[in-house]
>>> print(open('target39.txt').read())   # compact mmCIF, N, CA and C atoms
# COMPACT_ATOMS: atom_id res chain seq x y z
N MET A 1473 -10.99 -16.38 4.90
CA MET A 1473 -10.45 -15.61 6.00
C MET A 1473 -11.44 -15.67 7.16
N ASN A 1474 -10.97 -16.02 8.33
CA ASN A 1474 -11.80 -16.03 9.52
C ASN A 1474 -12.03 -14.60 9.98
N GLU A 1475 -13.19 -14.36 10.53
CA GLU A 1475 -13.51 -13.03 11.03
C GLU A 1475 -14.06 -13.13 12.44
N GLN A 1476 -13.82 -12.09 13.20
CA GLN A 1476 -14.32 -12.00 14.56
C GLN A 1476 -15.24 -10.79 14.65
N THR A 1477 -16.19 -10.84 15.55
CA THR A 1477 -17.10 -9.72 15.74
C THR A 1477 -16.73 -8.99 17.02
N ILE A 1478 -16.65 -7.67 16.92
CA ILE A 1478 -16.37 -6.83 18.08
C ILE A 1478 -17.49 -5.80 18.18
N THR A 1479 -18.04 -5.64 19.35
CA THR A 1479 -19.05 -4.61 19.58
C THR A 1479 -18.38 -3.43 20.25
N ILE A 1480 -18.54 -2.25 19.66
CA ILE A 1480 -17.93 -1.05 20.23
C ILE A 1480 -18.99 0.04 20.39
N THR A 1481 -18.74 0.91 21.33
CA THR A 1481 -19.60 2.06 21.54
C THR A 1481 -18.85 3.29 21.07
N LEU A 1482 -19.45 4.02 20.15
CA LEU A 1482 -18.81 5.21 19.59
C LEU A 1482 -19.52 6.46 20.07
N PRO A 1483 -18.77 7.53 20.29
CA PRO A 1483 -19.43 8.81 20.58
C PRO A 1483 -20.29 9.21 19.38
N ASP A 1484 -21.35 9.97 19.63
CA ASP A 1484 -22.26 10.36 18.56
C ASP A 1484 -21.53 11.03 17.39
N ALA A 1485 -20.57 11.89 17.69
CA ALA A 1485 -19.86 12.61 16.62
C ALA A 1485 -19.09 11.64 15.72
N VAL A 1486 -18.49 10.61 16.31
CA VAL A 1486 -17.74 9.63 15.52
C VAL A 1486 -18.71 8.78 14.71
N TYR A 1487 -19.80 8.37 15.35
CA TYR A 1487 -20.79 7.56 14.64
C TYR A 1487 -21.36 8.34 13.45
N ASP A 1488 -21.60 9.62 13.63
CA ASP A 1488 -22.10 10.46 12.53
C ASP A 1488 -21.10 10.49 11.38
N ARG A 1489 -19.81 10.56 11.70
CA ARG A 1489 -18.78 10.55 10.66
C ARG A 1489 -18.77 9.21 9.92
N VAL A 1490 -18.92 8.11 10.66
CA VAL A 1490 -18.97 6.79 10.04
C VAL A 1490 -20.18 6.69 9.12
N ARG A 1491 -21.32 7.11 9.61
CA ARG A 1491 -22.57 7.02 8.84
C ARG A 1491 -22.51 7.90 7.58
N THR A 1492 -21.98 9.12 7.73
CA THR A 1492 -21.86 10.03 6.59
C THR A 1492 -20.89 9.46 5.55
N THR A 1493 -19.78 8.90 6.01
CA THR A 1493 -18.82 8.29 5.09
C THR A 1493 -19.44 7.09 4.39
N ALA A 1494 -20.19 6.29 5.12
CA ALA A 1494 -20.85 5.13 4.53
C ALA A 1494 -21.82 5.56 3.43
N GLN A 1495 -22.60 6.57 3.71
CA GLN A 1495 -23.55 7.06 2.71
C GLN A 1495 -22.83 7.61 1.49
N ALA A 1496 -21.76 8.34 1.72
CA ALA A 1496 -21.02 8.97 0.62
C ALA A 1496 -20.30 7.95 -0.26
N THR A 1497 -19.93 6.83 0.33
CA THR A 1497 -19.16 5.81 -0.41
C THR A 1497 -20.00 4.60 -0.80
N ALA A 1498 -21.28 4.62 -0.47
CA ALA A 1498 -22.18 3.51 -0.77
C ALA A 1498 -21.71 2.21 -0.12
N LEU A 1499 -21.15 2.35 1.08
CA LEU A 1499 -20.73 1.18 1.86
C LEU A 1499 -21.60 1.11 3.11
N THR A 1500 -21.55 -0.03 3.79
CA THR A 1500 -22.24 -0.13 5.07
C THR A 1500 -21.37 0.55 6.14
N SER A 1501 -21.98 0.93 7.22
CA SER A 1501 -21.22 1.51 8.33
C SER A 1501 -20.19 0.50 8.84
N GLU A 1502 -20.58 -0.77 8.88
CA GLU A 1502 -19.65 -1.81 9.31
C GLU A 1502 -18.41 -1.86 8.42
N GLU A 1503 -18.61 -1.76 7.09
CA GLU A 1503 -17.48 -1.81 6.16
C GLU A 1503 -16.58 -0.59 6.32
N VAL A 1504 -17.17 0.57 6.58
CA VAL A 1504 -16.38 1.78 6.81
C VAL A 1504 -15.49 1.61 8.04
N VAL A 1505 -16.06 1.10 9.12
CA VAL A 1505 -15.28 0.88 10.34
C VAL A 1505 -14.19 -0.17 10.09
N LYS A 1506 -14.56 -1.26 9.41
CA LYS A 1506 -13.59 -2.32 9.13
C LYS A 1506 -12.42 -1.78 8.29
N GLN A 1507 -12.71 -1.04 7.23
CA GLN A 1507 -11.65 -0.49 6.39
C GLN A 1507 -10.80 0.52 7.16
N SER A 1508 -11.44 1.29 8.02
CA SER A 1508 -10.69 2.28 8.81
C SER A 1508 -9.70 1.59 9.74
N VAL A 1509 -10.13 0.52 10.38
CA VAL A 1509 -9.25 -0.22 11.28
C VAL A 1509 -8.11 -0.86 10.50
N VAL A 1510 -8.41 -1.46 9.35
CA VAL A 1510 -7.38 -2.10 8.53
C VAL A 1510 -6.33 -1.08 8.11
N LEU A 1511 -6.77 0.11 7.70
CA LEU A 1511 -5.83 1.14 7.26
C LEU A 1511 -5.04 1.74 8.41
N LEU A 1512 -5.63 1.78 9.59
CA LEU A 1512 -4.99 2.42 10.73
C LEU A 1512 -3.91 1.54 11.37
N LEU A 1513 -4.18 0.26 11.48
CA LEU A 1513 -3.26 -0.62 12.20
C LEU A 1513 -2.11 -1.06 11.30
N PRO A 1514 -0.92 -1.19 11.89
CA PRO A 1514 0.22 -1.65 11.08
C PRO A 1514 0.06 -3.11 10.69
N ALA A 1515 0.68 -3.46 9.59
CA ALA A 1515 0.65 -4.85 9.15
C ALA A 1515 1.57 -5.68 10.03
N PHE A 1516 1.18 -6.90 10.29
CA PHE A 1516 2.04 -7.84 10.99
C PHE A 1516 2.86 -8.58 9.95
N GLU A 1517 3.95 -9.16 10.39
CA GLU A 1517 4.81 -9.87 9.46
C GLU A 1517 4.03 -10.93 8.70
N ALA A 1518 3.09 -11.59 9.36
CA ALA A 1518 2.30 -12.64 8.70
C ALA A 1518 1.43 -12.08 7.59
N ASP A 1519 1.11 -10.78 7.66
CA ASP A 1519 0.29 -10.14 6.63
C ASP A 1519 1.10 -9.75 5.40
N MET A 1520 2.41 -9.77 5.53
CA MET A 1520 3.27 -9.31 4.44
C MET A 1520 3.55 -10.43 3.45
N THR A 1521 3.74 -10.03 2.21
CA THR A 1521 4.13 -11.00 1.19
C THR A 1521 5.56 -11.45 1.47
N PRO A 1522 5.93 -12.63 1.03
CA PRO A 1522 7.32 -13.08 1.21
C PRO A 1522 8.32 -12.09 0.60
N HIS A 1523 7.97 -11.49 -0.54
CA HIS A 1523 8.85 -10.52 -1.20
C HIS A 1523 9.09 -9.32 -0.29
N LEU A 1524 8.04 -8.79 0.32
CA LEU A 1524 8.19 -7.63 1.20
C LEU A 1524 8.99 -8.00 2.44
N ARG A 1525 8.71 -9.15 3.04
CA ARG A 1525 9.47 -9.59 4.22
C ARG A 1525 10.95 -9.69 3.89
N LEU A 1526 11.28 -10.29 2.75
CA LEU A 1526 12.68 -10.43 2.34
C LEU A 1526 13.31 -9.06 2.11
N SER A 1527 12.57 -8.18 1.47
CA SER A 1527 13.07 -6.83 1.21
C SER A 1527 13.40 -6.10 2.52
N LEU A 1528 12.51 -6.21 3.51
CA LEU A 1528 12.73 -5.51 4.78
C LEU A 1528 13.87 -6.12 5.59
N THR A 1529 14.07 -7.43 5.47
CA THR A 1529 15.16 -8.05 6.25
C THR A 1529 16.53 -7.60 5.75
N LYS A 1530 16.60 -7.16 4.51
CA LYS A 1530 17.88 -6.71 3.94
C LYS A 1530 18.26 -5.29 4.36
N PHE A 1531 17.36 -4.59 5.03
CA PHE A 1531 17.62 -3.20 5.38
C PHE A 1531 18.82 -3.05 6.31
N SER A 1532 19.05 -4.02 7.15
CA SER A 1532 20.19 -3.92 8.08
C SER A 1532 21.52 -3.96 7.33
N LEU A 1533 21.51 -4.39 6.08
CA LEU A 1533 22.73 -4.46 5.28
C LEU A 1533 22.98 -3.17 4.48
N LEU A 1534 22.00 -2.28 4.46
CA LEU A 1534 22.13 -1.05 3.67
C LEU A 1534 22.99 -0.02 4.39
N SER A 1535 23.59 0.85 3.62
CA SER A 1535 24.37 1.96 4.20
C SER A 1535 23.41 2.99 4.77
N ASP A 1536 23.93 3.86 5.62
CA ASP A 1536 23.11 4.93 6.18
C ASP A 1536 22.53 5.81 5.07
N VAL A 1537 23.33 6.09 4.06
CA VAL A 1537 22.87 6.92 2.94
C VAL A 1537 21.68 6.27 2.25
N GLN A 1538 21.77 4.97 2.00
CA GLN A 1538 20.68 4.26 1.35
C GLN A 1538 19.43 4.25 2.24
N LEU A 1539 19.64 4.09 3.54
CA LEU A 1539 18.51 4.08 4.47
C LEU A 1539 17.83 5.45 4.52
N TRP A 1540 18.62 6.53 4.58
CA TRP A 1540 18.04 7.87 4.61
C TRP A 1540 17.26 8.14 3.32
N LYS A 1541 17.79 7.67 2.20
CA LYS A 1541 17.10 7.85 0.92
C LYS A 1541 15.73 7.15 0.96
N THR A 1542 15.71 5.94 1.49
CA THR A 1542 14.46 5.20 1.61
C THR A 1542 13.54 5.85 2.62
N ALA A 1543 14.09 6.30 3.75
CA ALA A 1543 13.28 6.92 4.80
C ALA A 1543 12.60 8.19 4.32
N ASN A 1544 13.16 8.84 3.32
CA ASN A 1544 12.59 10.09 2.81
C ASN A 1544 11.95 9.92 1.44
N SER A 1545 11.77 8.69 1.00
CA SER A 1545 11.18 8.45 -0.31
C SER A 1545 9.68 8.75 -0.30
N VAL A 1546 9.16 9.07 -1.46
CA VAL A 1546 7.73 9.36 -1.61
C VAL A 1546 7.22 8.73 -2.91
N MET A 1547 5.93 8.56 -2.96
CA MET A 1547 5.28 8.08 -4.16
C MET A 1547 5.41 9.17 -5.22
N SER A 1548 5.50 8.79 -6.49
CA SER A 1548 5.62 9.79 -7.54
C SER A 1548 4.42 10.74 -7.47
N HIS A 1549 4.67 11.97 -7.85
CA HIS A 1549 3.62 13.00 -7.78
C HIS A 1549 2.39 12.59 -8.60
N ALA A 1550 2.63 12.07 -9.79
CA ALA A 1550 1.51 11.68 -10.67
C ALA A 1550 0.68 10.56 -10.04
N ARG A 1551 1.36 9.58 -9.43
CA ARG A 1551 0.63 8.47 -8.81
C ARG A 1551 -0.10 8.93 -7.55
N GLN A 1552 0.51 9.85 -6.80
CA GLN A 1552 -0.15 10.40 -5.62
C GLN A 1552 -1.42 11.16 -6.01
N LEU A 1553 -1.32 11.96 -7.06
CA LEU A 1553 -2.49 12.70 -7.55
C LEU A 1553 -3.60 11.74 -7.99
N ARG A 1554 -3.22 10.68 -8.67
CA ARG A 1554 -4.21 9.70 -9.13
C ARG A 1554 -4.87 9.00 -7.95
N LEU A 1555 -4.10 8.69 -6.94
CA LEU A 1555 -4.64 8.07 -5.72
C LEU A 1555 -5.67 9.00 -5.08
N GLU A 1556 -5.33 10.26 -4.94
CA GLU A 1556 -6.25 11.24 -4.36
C GLU A 1556 -7.50 11.40 -5.21
N GLU A 1557 -7.30 11.42 -6.54
CA GLU A 1557 -8.43 11.57 -7.46
C GLU A 1557 -9.41 10.42 -7.33
N LEU A 1558 -8.88 9.19 -7.29
CA LEU A 1558 -9.74 8.02 -7.17
C LEU A 1558 -10.42 7.96 -5.80
N ALA A 1559 -9.70 8.33 -4.76
CA ALA A 1559 -10.28 8.34 -3.41
C ALA A 1559 -11.43 9.34 -3.34
N GLU A 1560 -11.26 10.50 -3.95
CA GLU A 1560 -12.33 11.51 -3.98
C GLU A 1560 -13.51 11.02 -4.81
N LEU A 1561 -13.21 10.41 -5.95
CA LEU A 1561 -14.27 9.89 -6.82
C LEU A 1561 -15.08 8.82 -6.09
N GLN A 1562 -14.39 8.01 -5.29
CA GLN A 1562 -15.06 6.94 -4.55
C GLN A 1562 -16.05 7.51 -3.53
N LYS A 1563 -15.75 8.71 -3.02
CA LYS A 1563 -16.67 9.35 -2.08
C LYS A 1563 -17.95 9.79 -2.77
N GLN A 1564 -17.86 10.06 -4.07
CA GLN A 1564 -19.00 10.61 -4.81
C GLN A 1564 -19.85 9.54 -5.49
N CYS A 1565 -19.22 8.44 -5.90
CA CYS A 1565 -19.96 7.40 -6.62
C CYS A 1565 -19.19 6.08 -6.53
N SER A 1566 -19.81 5.05 -7.00
CA SER A 1566 -19.14 3.75 -7.04
C SER A 1566 -18.11 3.76 -8.15
N LEU A 1567 -16.97 3.18 -7.88
CA LEU A 1567 -15.92 3.08 -8.89
C LEU A 1567 -16.18 1.90 -9.81
N THR A 1568 -15.69 2.01 -11.04
CA THR A 1568 -15.75 0.87 -11.93
C THR A 1568 -14.77 -0.19 -11.42
N LYS A 1569 -14.87 -1.38 -11.95
CA LYS A 1569 -13.94 -2.44 -11.53
C LYS A 1569 -12.50 -2.04 -11.81
N ASN A 1570 -12.26 -1.43 -12.96
CA ASN A 1570 -10.90 -1.00 -13.31
C ASN A 1570 -10.41 0.09 -12.38
N GLU A 1571 -11.28 1.05 -12.07
CA GLU A 1571 -10.91 2.13 -11.15
C GLU A 1571 -10.63 1.58 -9.76
N GLN A 1572 -11.46 0.65 -9.29
CA GLN A 1572 -11.26 0.06 -7.97
C GLN A 1572 -9.96 -0.72 -7.92
N ALA A 1573 -9.66 -1.45 -8.99
CA ALA A 1573 -8.40 -2.20 -9.05
C ALA A 1573 -7.21 -1.24 -9.05
N GLU A 1574 -7.33 -0.14 -9.78
CA GLU A 1574 -6.26 0.85 -9.80
C GLU A 1574 -6.08 1.48 -8.42
N LEU A 1575 -7.20 1.81 -7.77
CA LEU A 1575 -7.12 2.38 -6.42
C LEU A 1575 -6.48 1.39 -5.46
N ASP A 1576 -6.87 0.14 -5.54
CA ASP A 1576 -6.28 -0.89 -4.68
C ASP A 1576 -4.78 -0.99 -4.90
N ASP A 1577 -4.35 -0.96 -6.17
CA ASP A 1577 -2.92 -1.03 -6.48
C ASP A 1577 -2.18 0.17 -5.91
N LEU A 1578 -2.76 1.36 -6.06
CA LEU A 1578 -2.12 2.57 -5.55
C LEU A 1578 -2.06 2.55 -4.02
N MET A 1579 -3.11 2.06 -3.38
CA MET A 1579 -3.11 1.94 -1.92
C MET A 1579 -2.03 0.94 -1.47
N ASP A 1580 -1.90 -0.16 -2.19
CA ASP A 1580 -0.86 -1.14 -1.87
C ASP A 1580 0.52 -0.51 -2.01
N GLU A 1581 0.72 0.26 -3.08
CA GLU A 1581 2.00 0.93 -3.29
C GLU A 1581 2.29 1.91 -2.16
N ALA A 1582 1.29 2.69 -1.77
CA ALA A 1582 1.47 3.65 -0.69
C ALA A 1582 1.83 2.94 0.61
N GLN A 1583 1.17 1.82 0.89
CA GLN A 1583 1.47 1.07 2.11
C GLN A 1583 2.88 0.48 2.03
N TYR A 1584 3.27 -0.01 0.87
CA TYR A 1584 4.61 -0.56 0.67
C TYR A 1584 5.67 0.51 0.94
N ILE A 1585 5.45 1.69 0.43
CA ILE A 1585 6.39 2.80 0.65
C ILE A 1585 6.46 3.14 2.13
N MET A 1586 5.31 3.21 2.79
CA MET A 1586 5.29 3.54 4.22
C MET A 1586 6.01 2.49 5.06
N LEU A 1587 5.80 1.22 4.74
CA LEU A 1587 6.47 0.16 5.49
C LEU A 1587 7.98 0.22 5.31
N ARG A 1588 8.43 0.48 4.08
CA ARG A 1588 9.86 0.60 3.81
C ARG A 1588 10.45 1.80 4.54
N LYS A 1589 9.72 2.92 4.55
CA LYS A 1589 10.19 4.12 5.25
C LYS A 1589 10.31 3.84 6.75
N ALA A 1590 9.31 3.17 7.31
CA ALA A 1590 9.31 2.87 8.74
C ALA A 1590 10.48 1.95 9.10
N GLU A 1591 10.72 0.94 8.28
CA GLU A 1591 11.82 0.01 8.56
C GLU A 1591 13.16 0.73 8.43
N ALA A 1592 13.29 1.59 7.44
CA ALA A 1592 14.54 2.35 7.28
C ALA A 1592 14.78 3.21 8.51
N ARG A 1593 13.75 3.87 9.00
CA ARG A 1593 13.90 4.72 10.19
C ARG A 1593 14.20 3.88 11.43
N ARG A 1594 13.61 2.70 11.52
CA ARG A 1594 13.89 1.83 12.67
C ARG A 1594 15.36 1.42 12.69
N VAL A 1595 15.90 1.04 11.54
CA VAL A 1595 17.30 0.64 11.47
C VAL A 1595 18.21 1.83 11.75
N LEU A 1596 17.87 2.99 11.21
CA LEU A 1596 18.66 4.19 11.48
C LEU A 1596 18.65 4.53 12.97
N ALA A 1597 17.50 4.40 13.61
CA ALA A 1597 17.42 4.68 15.05
C ALA A 1597 18.27 3.68 15.83
N GLN A 1598 18.26 2.42 15.42
CA GLN A 1598 19.10 1.42 16.07
C GLN A 1598 20.58 1.78 15.96
N ARG A 1599 20.93 2.44 14.88
CA ARG A 1599 22.32 2.85 14.65
C ARG A 1599 22.66 4.17 15.35
N GLY A 1600 21.70 4.71 16.09
CA GLY A 1600 21.97 5.91 16.87
C GLY A 1600 21.58 7.22 16.22
N HIS A 1601 20.97 7.16 15.06
CA HIS A 1601 20.55 8.40 14.39
C HIS A 1601 19.26 8.91 14.99
N ILE A 1602 19.08 10.20 14.97
CA ILE A 1602 17.82 10.81 15.37
C ILE A 1602 16.95 10.84 14.11
N VAL A 1603 15.89 10.06 14.10
CA VAL A 1603 15.09 9.93 12.89
C VAL A 1603 13.90 10.88 12.85
N PHE A 1604 13.54 11.43 13.99
CA PHE A 1604 12.50 12.45 14.06
C PHE A 1604 13.01 13.60 14.85
N LYS A 1605 12.75 14.80 14.39
CA LYS A 1605 13.18 15.97 15.13
C LYS A 1605 12.30 16.15 16.35
N PRO A 1606 12.90 16.46 17.51
CA PRO A 1606 12.09 16.67 18.71
C PRO A 1606 11.17 17.88 18.52
N VAL A 1607 9.98 17.78 19.09
CA VAL A 1607 9.02 18.87 19.00
C VAL A 1607 9.42 19.94 20.02
N GLU A 1608 9.49 21.17 19.54
CA GLU A 1608 9.81 22.28 20.43
C GLU A 1608 8.52 22.83 21.05
N LEU A 1609 8.54 22.99 22.35
CA LEU A 1609 7.33 23.49 23.04
C LEU A 1609 7.46 24.96 23.32
>>> encode(input="target39.txt", output="structure tokens")
Amino acid sequence: MNEQTITITLPDAVYDRVRTTAQATALTSEEVVKQSVVLLLPAFEADMTPHLRLSLTKFSLLSDVQLWKTANSVMSHARQLRLEELAELQKQCSLTKNEQAELDDLMDEAQYIMLRKAEARRVLAQRGHIVFKPVEL
């Protein structure tokens, strides 16, 4: 994988958060920033597996009921708890290879669910549905 270098200036408070997170997770500050950016930015189609791309292209064929079900889907409670448990454990110590692999799988699942929810909402919005309630001021 090719990589590019970007130099950024962070406010002291943000840099302190990066440094503290790096120390807590036994990662470098650079790795903390890199992982944060990867998690924050949406995946591009080129980043998706062929299976996921194919799955998302079929959303326009789903009924509104099926789309709403997908738009409101969540990870199972047990898997969500395990994800949180491993993420907390990672802050305290290094994970074993098996724990890291499990965390990676759970993170992939969470991202898969989020992408499916986003695509379902996009298709629903195209069909004229209000997919987010307006914020009342």
>>> residues_near_point(input="target39.txt", point="(5.0, 6.5, -1.1)", cutoff="7 Å", atoms="all atoms listed in the file", output="list in words")
Ser1545, Val1546, Met1547, Ser1548, Glu1581, Ala1582, Gln1583, Tyr1584, Ile1585 and Met1586 of chain A
>>> select_by_dssp(input="target39.txt", residues="chain A", states="alpha helix (DSSP H)", output="JSON, numbers by chain")
{"A": [1484, 1485, 1486, 1487, 1488, 1489, 1490, 1491, 1492, 1493, 1494, 1495, 1496, 1497, 1501, 1502, 1503, 1504, 1505, 1506, 1507, 1508, 1509, 1510, 1511, 1512, 1522, 1523, 1524, 1525, 1526, 1527, 1528, 1529, 1536, 1537, 1538, 1539, 1540, 1541, 1542, 1543, 1549, 1550, 1551, 1552, 1553, 1554, 1555, 1556, 1557, 1558, 1559, 1560, 1561, 1562, 1563, 1564, 1569, 1570, 1571, 1572, 1573, 1574, 1575, 1576, 1577, 1578, 1579, 1580, 1581, 1582, 1583, 1584, 1585, 1586, 1587, 1588, 1589, 1590, 1591, 1592, 1593, 1594, 1595, 1596, 1597, 1598]}
>>> closest_residue(input="target39.txt", among="A:Leu1596, A:Ala1543, A:Val1510, A:Ala1494", to="Lys1563 of chain A", atoms="only C-alpha atoms")
A:Ala1494
>>> atom_distance(input="target39.txt", atom1="atom CA of Leu1553 of chain A", atom2="atom CA of Met1579 of chain A")
12.2 Å
>>> residues_near_point(input="target39.txt", point="(-24.8, 3.5, 7.5)", cutoff="5 Å", atoms="all atoms listed in the file", output="MDAnalysis selection string")
chainID A and resid 1491 1500:1501
>>> atom_distance(input="target39.txt", atom1="atom CA of Lys1541 of chain A", atom2="atom CA of Arg1588 of chain A")
10.6 Å
>>> closest_residue(input="target39.txt", among="A:Lys1506, A:Arg1554, A:Arg1594, A:Lys1589", to="Leu1575 of chain A", atoms="only N, CA and C atoms")
A:Arg1554
>>> closest_residue(input="target39.txt", among="A:Ser1527, A:Gln1572, A:Gln1564, A:Thr1542", to="Ala1496 of chain A", atoms="all atoms listed in the file")
A:Gln1564
>>> axis_aligned_box(input="target39.txt", around="segment 1545-1551 of chain A", padding_each_side="4 Å", output="AutoDock Vina command-line options")
--center_x 5.8 --center_y 10.5 --center_z -4.8 --size_x 19.9 --size_y 12.9 --size_z 19.7
>>> closest_residue(input="target39.txt", among="A:Leu1482, A:Leu1524, A:Ala1518, A:Ala1498", to="Glu1591 of chain A", atoms="only C-alpha atoms")
A:Leu1524
>>> closest_residue(input="target39.txt", among="A:Ser1566, A:Glu1574, A:Val1490, A:Trp1540", to="Phe1604 of chain A", atoms="only C-alpha atoms")
A:Trp1540
>>> atom_distance(input="target39.txt", atom1="atom CA of Leu1526 of chain A", atom2="atom CA of Gln1598 of chain A")
19.2 Å
>>> decode(input="target39.txt", residues="segment 1485-1562 of chain A", atoms="C-alpha atoms", output="short mmCIF file (atom, residue, chain, number, x, y, z; two decimals), in the first residue's frame")
data_model
loop_
_atom_site.label_atom_id
_atom_site.label_comp_id
_atom_site.auth_asym_id
_atom_site.auth_seq_id
_atom_site.Cartn_x
_atom_site.Cartn_y
_atom_site.Cartn_z
CA ALA A 1485 -5.54 20.21 23.64
CA VAL A 1486 -5.93 17.90 20.62
CA TYR A 1487 -2.26 16.97 20.63
CA ASP A 1488 -2.53 16.12 24.33
CA ARG A 1489 -5.46 13.81 23.55
CA VAL A 1490 -3.47 12.11 20.78
CA ARG A 1491 -0.43 11.69 23.04
CA THR A 1492 -2.51 10.38 25.96
CA THR A 1493 -4.32 7.92 23.68
CA ALA A 1494 -1.01 6.77 22.22
CA GLN A 1495 0.42 6.13 25.67
CA ALA A 1496 -2.71 4.32 26.82
CA THR A 1497 -2.80 2.07 23.75
CA ALA A 1498 0.96 1.55 23.36
CA LEU A 1499 0.82 3.05 19.88
CA THR A 1500 2.76 5.91 18.36
CA SER A 1501 1.07 9.29 18.08
CA GLU A 1502 1.31 8.92 14.31
CA GLU A 1503 -0.58 5.59 14.43
CA VAL A 1504 -3.29 7.11 16.65
CA VAL A 1505 -3.82 9.95 14.16
CA LYS A 1506 -3.73 7.54 11.20
CA GLN A 1507 -6.31 5.20 12.78
CA SER A 1508 -8.50 8.15 13.76
CA VAL A 1509 -8.55 9.45 10.19
CA VAL A 1510 -9.27 5.98 8.77
CA LEU A 1511 -12.19 5.51 11.16
CA LEU A 1512 -13.56 9.01 10.60
CA LEU A 1513 -13.59 9.15 6.82
CA PRO A 1514 -16.14 7.19 4.79
CA ALA A 1515 -14.95 4.32 2.65
CA PHE A 1516 -14.71 4.89 -1.08
CA GLU A 1517 -16.14 2.36 -3.46
CA ALA A 1518 -12.60 1.23 -4.32
CA ASP A 1519 -12.05 0.41 -0.63
CA MET A 1520 -15.06 -1.91 -0.54
CA THR A 1521 -14.97 -5.61 -1.16
CA PRO A 1522 -16.76 -6.78 -4.32
CA HIS A 1523 -19.33 -8.52 -2.08
CA LEU A 1524 -20.16 -5.27 -0.26
CA ARG A 1525 -20.33 -3.27 -3.50
CA LEU A 1526 -22.72 -5.84 -4.99
CA SER A 1527 -24.82 -5.86 -1.82
CA LEU A 1528 -25.16 -2.06 -1.84
CA THR A 1529 -26.05 -1.88 -5.55
CA LYS A 1530 -29.08 -4.10 -4.87
CA PHE A 1531 -30.57 -1.63 -2.39
CA SER A 1532 -32.46 0.23 -5.10
CA LEU A 1533 -34.42 -3.00 -5.71
CA LEU A 1534 -35.55 -3.35 -2.08
CA SER A 1535 -38.97 -2.32 -0.82
CA ASP A 1536 -39.32 0.66 1.49
CA VAL A 1537 -40.07 -1.72 4.36
CA GLN A 1538 -36.85 -3.65 3.74
CA LEU A 1539 -34.88 -0.41 3.48
CA TRP A 1540 -36.32 0.97 6.75
CA LYS A 1541 -35.48 -2.33 8.45
CA THR A 1542 -31.88 -2.05 7.24
CA ALA A 1543 -31.70 1.68 8.07
CA ASN A 1544 -32.63 0.90 11.67
CA SER A 1545 -30.59 -2.27 12.07
CA VAL A 1546 -28.02 -2.62 14.84
CA MET A 1547 -25.25 -4.98 15.81
CA SER A 1548 -26.37 -7.67 18.24
CA HIS A 1549 -26.19 -6.57 21.85
CA ALA A 1550 -23.70 -9.31 22.76
CA ARG A 1551 -21.37 -8.40 19.88
CA GLN A 1552 -21.63 -4.69 20.69
CA LEU A 1553 -20.70 -5.38 24.31
CA ARG A 1554 -17.74 -7.49 23.20
CA LEU A 1555 -16.58 -4.72 20.86
CA GLU A 1556 -16.72 -2.20 23.70
CA GLU A 1557 -14.97 -4.63 26.06
CA LEU A 1558 -12.09 -5.21 23.65
CA ALA A 1559 -11.78 -1.50 22.83
CA GLU A 1560 -11.54 -0.71 26.56
CA LEU A 1561 -9.05 -3.53 27.11
CA GLN A 1562 -6.93 -2.17 24.26
#
